[in-house]
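The structure file work.txt is reproduced below (compact mmCIF, C-alpha atoms and all ligand atoms).
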# COMPACT_ATOMS: atom_id res chain seq x y z
CA MET K 9 -70.31 13.98 -143.91
CA GLY K 10 -71.21 16.36 -141.09
CA ASP K 11 -69.01 17.57 -138.27
CA ARG K 12 -66.94 14.58 -137.30
CA LYS K 13 -66.36 15.83 -133.76
CA THR K 14 -70.05 15.78 -132.93
CA ILE K 15 -70.73 12.20 -134.00
CA GLU K 16 -70.64 9.85 -131.01
CA ASP K 17 -69.91 6.19 -131.66
CA ARG K 18 -73.17 4.27 -131.73
CA LEU K 19 -74.95 1.42 -133.47
CA VAL K 20 -78.65 1.67 -134.28
CA LEU K 21 -80.54 -1.29 -135.71
CA LEU K 22 -83.03 0.24 -138.13
CA GLY K 23 -84.54 -2.93 -139.57
CA THR K 24 -84.15 -6.32 -137.92
CA LYS K 25 -86.30 -8.88 -139.70
CA GLY K 26 -84.97 -11.41 -142.16
CA GLY K 27 -86.64 -11.47 -145.56
CA PRO K 28 -88.54 -8.87 -147.60
CA ALA K 29 -92.13 -9.17 -146.27
CA ILE K 30 -93.58 -6.54 -143.97
CA ARG K 31 -96.64 -6.82 -141.71
CA PRO K 32 -98.82 -4.35 -139.80
CA GLY K 33 -96.89 -2.93 -136.87
CA GLY K 34 -94.01 -5.30 -137.54
CA PRO K 35 -90.29 -4.79 -137.97
CA SER K 36 -88.59 -3.73 -141.21
CA PRO K 37 -86.18 -5.67 -143.40
CA THR K 38 -82.46 -5.23 -142.84
CA SER K 39 -80.65 -1.95 -142.35
CA SER K 40 -78.38 -0.52 -139.67
CA LEU K 41 -76.67 2.73 -138.80
CA LEU K 42 -73.13 2.62 -137.45
CA GLU K 43 -71.51 5.85 -136.36
CA ILE K 44 -67.86 5.12 -135.74
CA GLY K 45 -64.69 7.19 -135.74
CA GLY K 46 -66.62 10.28 -136.82
CA ARG K 47 -68.07 8.59 -139.89
CA ARG K 48 -71.70 7.78 -140.51
CA CYS K 49 -72.13 4.35 -142.08
CA VAL K 50 -75.38 2.82 -143.29
CA ILE K 51 -75.14 -0.95 -143.56
CA ASP K 52 -77.72 -2.43 -145.92
CA CYS K 53 -80.74 -0.61 -147.28
CA GLY K 54 -83.82 -2.77 -146.89
CA LEU K 55 -87.29 -1.27 -147.06
CA GLY K 56 -87.66 1.33 -144.29
CA VAL K 57 -84.04 2.48 -144.13
CA THR K 58 -84.87 6.12 -144.92
CA ARG K 59 -87.56 6.37 -142.26
CA GLY K 60 -85.33 4.50 -139.81
CA LEU K 61 -82.45 6.94 -140.27
CA VAL K 62 -84.69 9.95 -139.78
CA GLU K 63 -86.19 8.39 -136.64
CA ALA K 64 -82.62 7.79 -135.40
CA GLY K 65 -81.99 11.52 -135.65
CA VAL K 66 -79.90 11.51 -138.82
CA THR K 67 -80.12 14.51 -141.12
CA LEU K 68 -80.37 12.89 -144.53
CA LYS K 69 -78.29 15.51 -146.28
CA GLU K 70 -75.37 14.37 -144.10
CA LEU K 71 -75.39 10.90 -145.64
CA ASP K 72 -71.77 9.74 -145.96
CA LEU K 73 -70.95 6.04 -146.45
CA ILE K 74 -73.27 3.21 -147.46
CA PHE K 75 -72.35 -0.47 -147.44
CA ILE K 76 -74.40 -3.22 -149.07
CA THR K 77 -73.57 -6.77 -147.97
CA HIS K 78 -75.30 -8.51 -150.91
CA LEU K 79 -77.96 -7.88 -153.50
CA HIS K 80 -80.95 -9.71 -151.98
CA SER K 81 -83.85 -7.26 -152.04
CA ASP K 82 -84.25 -7.20 -148.25
CA HIS K 83 -80.78 -5.57 -148.20
CA ILE K 84 -80.85 -3.23 -151.21
CA LEU K 85 -84.44 -2.40 -152.19
CA GLU K 86 -84.36 1.10 -150.69
CA LEU K 87 -80.80 2.14 -151.62
CA GLY K 88 -81.85 4.33 -154.55
CA PRO K 89 -84.87 5.81 -152.75
CA LEU K 90 -82.66 6.64 -149.72
CA ILE K 91 -80.12 8.55 -151.80
CA HIS K 92 -82.85 10.20 -153.86
CA THR K 93 -84.69 11.35 -150.72
CA ALA K 94 -81.43 12.64 -149.24
CA TRP K 95 -80.82 14.52 -152.50
CA THR K 96 -84.25 16.17 -152.42
CA THR K 97 -83.51 17.05 -148.76
CA GLY K 98 -80.42 19.03 -149.81
CA LEU K 99 -77.59 16.48 -150.06
CA LYS K 100 -74.66 18.05 -151.90
CA THR K 101 -71.64 16.31 -150.35
CA PRO K 102 -70.06 13.11 -151.68
CA VAL K 103 -71.71 9.79 -150.88
CA THR K 104 -69.83 6.56 -151.46
CA VAL K 105 -71.71 3.30 -151.84
CA PHE K 106 -69.70 0.12 -151.30
CA GLY K 107 -71.47 -2.91 -152.68
CA PRO K 108 -70.73 -6.24 -154.31
CA SER K 109 -70.52 -6.75 -158.05
CA GLY K 110 -73.84 -5.62 -159.55
CA THR K 111 -74.31 -2.58 -157.30
CA ALA K 112 -73.21 -0.13 -160.01
CA ALA K 113 -75.75 -1.64 -162.42
CA TYR K 114 -78.47 -1.27 -159.77
CA TRP K 115 -77.58 2.41 -159.29
CA THR K 116 -77.48 3.12 -163.03
CA GLY K 117 -80.83 1.37 -163.42
CA PHE K 118 -82.33 3.33 -160.53
CA LEU K 119 -81.16 6.63 -162.02
CA ALA K 120 -82.62 5.61 -165.40
CA SER K 121 -85.96 4.71 -163.77
CA MET K 122 -86.11 8.14 -162.10
CA ARG K 123 -84.70 10.20 -164.97
CA TYR K 124 -87.86 12.23 -165.52
CA ASP K 125 -87.98 13.38 -161.90
CA ILE K 126 -84.22 13.89 -161.55
CA ASP K 127 -83.92 15.97 -164.73
CA LEU K 128 -87.00 17.97 -163.74
CA ARG K 129 -85.66 18.82 -160.28
CA ILE K 130 -82.25 19.79 -161.67
CA ALA K 131 -83.91 22.16 -164.19
CA ASP K 132 -86.81 23.33 -162.02
CA GLU K 133 -85.27 23.49 -158.52
CA GLY K 134 -81.64 24.07 -159.50
CA ARG K 135 -80.45 20.95 -157.70
CA PRO K 136 -76.98 19.51 -158.38
CA ASP K 137 -76.82 16.39 -160.53
CA PRO K 138 -76.82 13.36 -158.19
CA ARG K 139 -74.67 11.51 -160.72
CA ASP K 140 -71.84 13.90 -159.80
CA PHE K 141 -71.54 13.18 -156.09
CA VAL K 142 -72.54 9.55 -155.71
CA THR K 143 -69.71 7.06 -156.25
CA VAL K 144 -70.31 3.32 -156.31
CA VAL K 145 -67.34 1.13 -155.37
CA GLU K 146 -67.75 -2.58 -156.02
CA TYR K 147 -65.70 -4.46 -153.44
CA GLY K 148 -64.52 -8.00 -152.84
CA GLU K 149 -62.84 -9.74 -149.95
CA GLY K 150 -60.22 -7.81 -147.96
CA PRO K 151 -59.74 -4.20 -146.89
CA LEU K 152 -62.02 -1.68 -148.56
CA GLY K 153 -59.32 0.99 -148.66
CA LEU K 154 -61.13 3.77 -146.84
CA GLU K 155 -59.04 6.58 -145.44
CA GLY K 156 -59.32 7.07 -141.69
CA LEU K 157 -61.60 4.09 -141.06
CA GLU K 158 -60.59 0.46 -141.27
CA VAL K 159 -63.30 -1.55 -143.01
CA SER K 160 -62.74 -5.05 -144.30
CA ALA K 161 -64.86 -7.75 -145.89
CA LEU K 162 -65.04 -11.52 -145.62
CA ARG K 163 -66.94 -13.60 -148.17
CA VAL K 164 -69.51 -15.66 -146.26
CA LYS K 165 -71.67 -18.63 -147.29
CA HIS K 166 -75.12 -17.61 -148.46
CA PRO K 167 -75.99 -19.85 -151.41
CA PRO K 168 -77.00 -19.35 -154.14
CA VAL K 169 -75.54 -15.84 -153.66
CA THR K 170 -71.76 -15.93 -153.98
CA GLU K 171 -71.12 -12.20 -153.55
CA CYS K 172 -72.12 -11.79 -149.91
CA PHE K 173 -69.75 -10.26 -147.37
CA ALA K 174 -69.43 -9.91 -143.62
CA LEU K 175 -68.08 -6.46 -142.76
CA LYS K 176 -65.74 -5.38 -139.98
CA PHE K 177 -65.45 -1.73 -138.89
CA ARG K 178 -62.53 -0.92 -136.65
CA THR K 179 -61.05 2.16 -135.00
CA PRO K 180 -58.60 2.21 -132.07
CA ASP K 181 -61.67 2.52 -129.81
CA TRP K 182 -64.30 0.19 -131.19
CA CYS K 183 -64.72 -2.83 -133.45
CA VAL K 184 -68.10 -3.85 -134.83
CA VAL K 185 -68.67 -6.83 -137.14
CA PHE K 186 -71.76 -7.62 -139.20
CA SER K 187 -72.16 -11.24 -140.32
CA ALA K 188 -74.37 -10.37 -143.30
CA ASP K 189 -76.57 -13.30 -144.38
CA THR K 190 -74.75 -16.56 -143.95
CA THR K 191 -75.14 -20.15 -142.96
CA TYR K 192 -73.05 -21.31 -139.99
CA PHE K 193 -69.59 -20.23 -141.13
CA PRO K 194 -66.73 -20.90 -138.67
CA PRO K 195 -64.16 -18.66 -140.50
CA LEU K 196 -66.33 -15.74 -139.40
CA ALA K 197 -65.08 -16.31 -135.83
CA GLY K 198 -61.49 -15.59 -136.90
CA PHE K 199 -62.59 -12.54 -138.86
CA ALA K 200 -64.52 -11.21 -135.84
CA SER K 201 -61.84 -12.16 -133.33
CA GLY K 202 -61.85 -9.88 -130.28
CA CYS K 203 -64.54 -7.56 -131.64
CA ASP K 204 -66.62 -5.44 -129.29
CA VAL K 205 -69.94 -6.14 -131.01
CA LEU K 206 -70.86 -8.99 -133.31
CA VAL K 207 -74.13 -8.41 -135.15
CA HIS K 208 -75.04 -11.89 -136.36
CA GLU K 209 -78.05 -13.06 -138.30
CA ALA K 210 -80.12 -15.72 -136.54
CA MET K 211 -82.94 -18.15 -136.99
CA LEU K 212 -85.01 -20.20 -134.52
CA ALA K 213 -85.43 -23.89 -135.38
CA ASP K 214 -88.99 -23.98 -133.98
CA GLY K 215 -89.78 -20.83 -135.92
CA VAL K 216 -88.58 -22.40 -139.16
CA ASP K 217 -90.87 -25.39 -138.47
CA LYS K 218 -93.78 -23.00 -138.00
CA ILE K 219 -92.98 -21.01 -141.15
CA VAL K 220 -92.69 -24.23 -143.17
CA GLU K 221 -96.06 -25.32 -141.79
CA ILE K 222 -97.88 -22.13 -142.79
CA THR K 223 -96.32 -21.55 -146.23
CA GLY K 224 -97.25 -23.47 -149.33
CA ASN K 225 -93.83 -24.57 -150.61
CA GLY K 226 -92.67 -25.56 -147.15
CA GLU K 227 -89.91 -28.13 -147.62
CA ARG K 228 -88.19 -26.18 -150.37
CA LEU K 229 -88.25 -23.11 -148.14
CA ARG K 230 -86.80 -25.13 -145.26
CA THR K 231 -83.91 -26.31 -147.45
CA HIS K 232 -83.20 -22.74 -148.54
CA LEU K 233 -83.30 -21.40 -144.98
CA MET K 234 -81.13 -24.15 -143.53
CA ASP K 235 -78.55 -23.93 -146.34
CA SER K 236 -78.11 -20.18 -146.29
CA HIS K 237 -78.89 -18.93 -142.76
CA THR K 238 -77.66 -19.62 -139.22
CA LEU K 239 -79.55 -21.13 -136.30
CA ALA K 240 -79.36 -19.05 -133.12
CA PRO K 241 -77.17 -21.51 -131.14
CA ASP K 242 -74.65 -21.50 -134.00
CA ALA K 243 -74.59 -17.69 -134.06
CA ALA K 244 -73.79 -17.86 -130.33
CA ARG K 245 -71.03 -20.42 -131.04
CA ILE K 246 -69.44 -18.02 -133.53
CA ALA K 247 -69.56 -15.20 -130.96
CA SER K 248 -67.97 -17.48 -128.38
CA ALA K 249 -65.20 -18.68 -130.71
CA ALA K 250 -64.53 -15.07 -131.74
CA GLY K 251 -64.32 -13.89 -128.14
CA ALA K 252 -66.81 -11.14 -129.06
CA LYS K 253 -67.60 -8.89 -126.11
CA GLN K 254 -71.26 -8.63 -127.06
CA LEU K 255 -73.58 -10.50 -129.43
CA VAL K 256 -76.50 -8.84 -131.16
CA LEU K 257 -78.92 -11.14 -132.96
CA ASN K 258 -80.28 -9.58 -136.13
CA HIS K 259 -82.04 -10.49 -139.40
CA LEU K 260 -84.37 -12.53 -137.24
CA ILE K 261 -86.31 -15.47 -138.66
CA PRO K 262 -89.00 -15.47 -137.43
CA ALA K 263 -89.17 -11.78 -136.54
CA ASP K 264 -92.83 -11.22 -135.83
CA LEU K 265 -94.55 -14.59 -135.80
CA PRO K 266 -97.06 -14.83 -132.93
CA GLY K 267 -95.87 -17.19 -130.23
CA PHE K 268 -92.17 -16.35 -130.47
CA ASP K 269 -90.45 -13.77 -128.32
CA GLU K 270 -87.20 -12.83 -126.63
CA LYS K 271 -87.41 -15.80 -124.23
CA ASP K 272 -87.19 -18.22 -127.16
CA TRP K 273 -84.06 -16.55 -128.53
CA LEU K 274 -82.39 -16.52 -125.15
CA ALA K 275 -83.31 -20.16 -124.56
CA ALA K 276 -81.88 -21.14 -127.97
CA THR K 277 -78.54 -19.46 -127.30
CA ARG K 278 -78.18 -20.43 -123.63
CA GLY K 279 -75.00 -22.29 -122.87
CA HIS K 280 -73.34 -21.43 -126.19
CA TYR K 281 -72.01 -17.95 -125.39
CA ALA K 282 -71.14 -16.47 -122.01
CA GLY K 283 -71.27 -12.77 -122.90
CA PRO K 284 -74.24 -10.44 -123.11
CA ILE K 285 -76.77 -11.16 -125.86
CA THR K 286 -79.09 -8.54 -127.27
CA ILE K 287 -82.07 -9.56 -129.40
CA GLY K 288 -82.42 -7.09 -132.25
CA ARG K 289 -85.45 -4.86 -132.63
CA ASP K 290 -86.00 -1.84 -134.84
CA GLY K 291 -84.60 1.30 -133.25
CA LEU K 292 -82.40 -0.52 -130.73
CA THR K 293 -79.34 1.62 -129.96
CA LEU K 294 -75.98 0.60 -128.51
CA THR K 295 -73.46 3.27 -127.62
CA ARG K 296 -69.77 2.55 -127.22
CA SER K 297 -69.65 4.24 -123.83
CA ALA K 298 -72.46 2.04 -122.52
CA GLN K 299 -70.56 -1.13 -123.31
ZN ZN B 1 -81.61 -11.19 -145.95
ZN ZN B 2 -79.77 -12.76 -148.28
What does the file become when written as structure tokens?
Amino acid sequence: MGDRKTIEDRLVLLGTKGGPAIRPGGPSPTSSLLEIGGRRCVIDCGLGVTRGLVEAGVTLKELDLIFITHLHSDHILELGPLIHTAWTTGLKTPVTVFGPSGTAAYWTGFLASMRYDIDLRIADEGRPDPRDFVTVVEYGEGPLGLEGLEVSALRVKHPPVTECFALKFRTPDWCVVFSADTTYFPPLAGFASGCDVLVHEAMLADGVDKIVEITGNGERLRTHLMDSHTLAPDAARIASAAGAKQLVLNHLIPADLPGFDEKDWLAATRGHYAGPITIGRDGLTLTRSAQ
């Protein structure tokens, strides 16, 4: 877990687009790095998380805690490859993965799919067995029971997924809340009450119209998006009701559609939240001292 004294509190958005697709030069699906209270936390492991961590200056063999909000592929697809790459980089210290029900089965399945390579590297390169130092903890609502770092979970509304959790990380100095994927969910405001940073997923109504127009199964997609994700003004309303000191929009839909930019997001949230709003982009870094 590295030298705790040298880790400064910071949040780095590694992947900021909603959904699993990637496009040339575009942003990656969801993952974030939160360094808080001397611990290094990876929140969600969408495609690109490994590259994103390296670009953020993280030494992979110092991987410590990983949190998965839910099992949609844009949040978990690269979990196994991240740990495997860290292992081939020299990871020997314990890694704990907190995920909803089903995460342990994912990890077992990943190990099985890579058995040839893992067994070969243990025999050929003398590497430790990754099964020995990776622990998967399946969590539900409430405190996650971590020593030295307060992390708690709130079940949010992301149908048809029932096991999807907002996560709150708190030390005496800093409190950061991730909404996970959710439709407009007022109880989240109570959960995030008084936080320093609320990282909330967000969608633009005009962008949804455009996406529906250019995809084949448009209306069905619109129903899914509207039932399980949050429009930007509603994300701002949650931040306002929570009294969050800063709002970061993340898991953007649309993320890289031509014709939509930061102005549209700011226009959509105007008047709904008085604090500073940051529109997520890959690599964006917030430090506690800069707040
Ligand atoms: Zn998602
Ligand atoms: Zn999702």
### Message
Can you pull out every residue with an atom within 8 Å of ligand ZN 2 (chain B)? Use all atoms listed in the file and format it as a PyMOL selection string.
### Response
chain K and resi 27+78-83+166+169+172+188-190+236
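Each of K:Val185, K:Ile287, K:Leu274, K:Ile219 was checked against Ile246 (chain K) using all atoms listed in the file; the smallest atom-to-atom distance is that of K:Val185.
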### Message
With only C-alpha atoms as the counted atoms, please give the residues lying no more than 7 Å from Phe141 (chain K), apart from itself and same-chain residues fewer than 2 positions off, as a list of chain:residue names.
### Response
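The residues that qualify are K:Thr101, K:Pro102, K:Val103, K:Pro138, K:Arg139, K:Thr143.
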### Query
Which residue gives the smallest distance to ligand ZN 1 (chain B) among K:Asp204, K:Asp72, K:Asp272, K:Glu209, with only C-alpha atoms and all ligand atoms counted?
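Nearest candidate to ligand ZN 1 (chain B) out of K:Asp204, K:Asp72, K:Asp272, K:Glu209: K:Glu209.
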### Query
Nearest to ligand ZN 1 (chain B) among K:Glu16, K:Glu171, K:Glu155, K:Asp52, with distances taken over all atoms listed in the file: which residue is it?
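Residue with the minimum atom-to-atom distance to ligand ZN 1 (chain B): K:Asp52.
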### Query
What does the distance from CA of Ile126 (chain K) to CA of Val50 (chain K) come to in Å, to one decimal?
23.1 Å
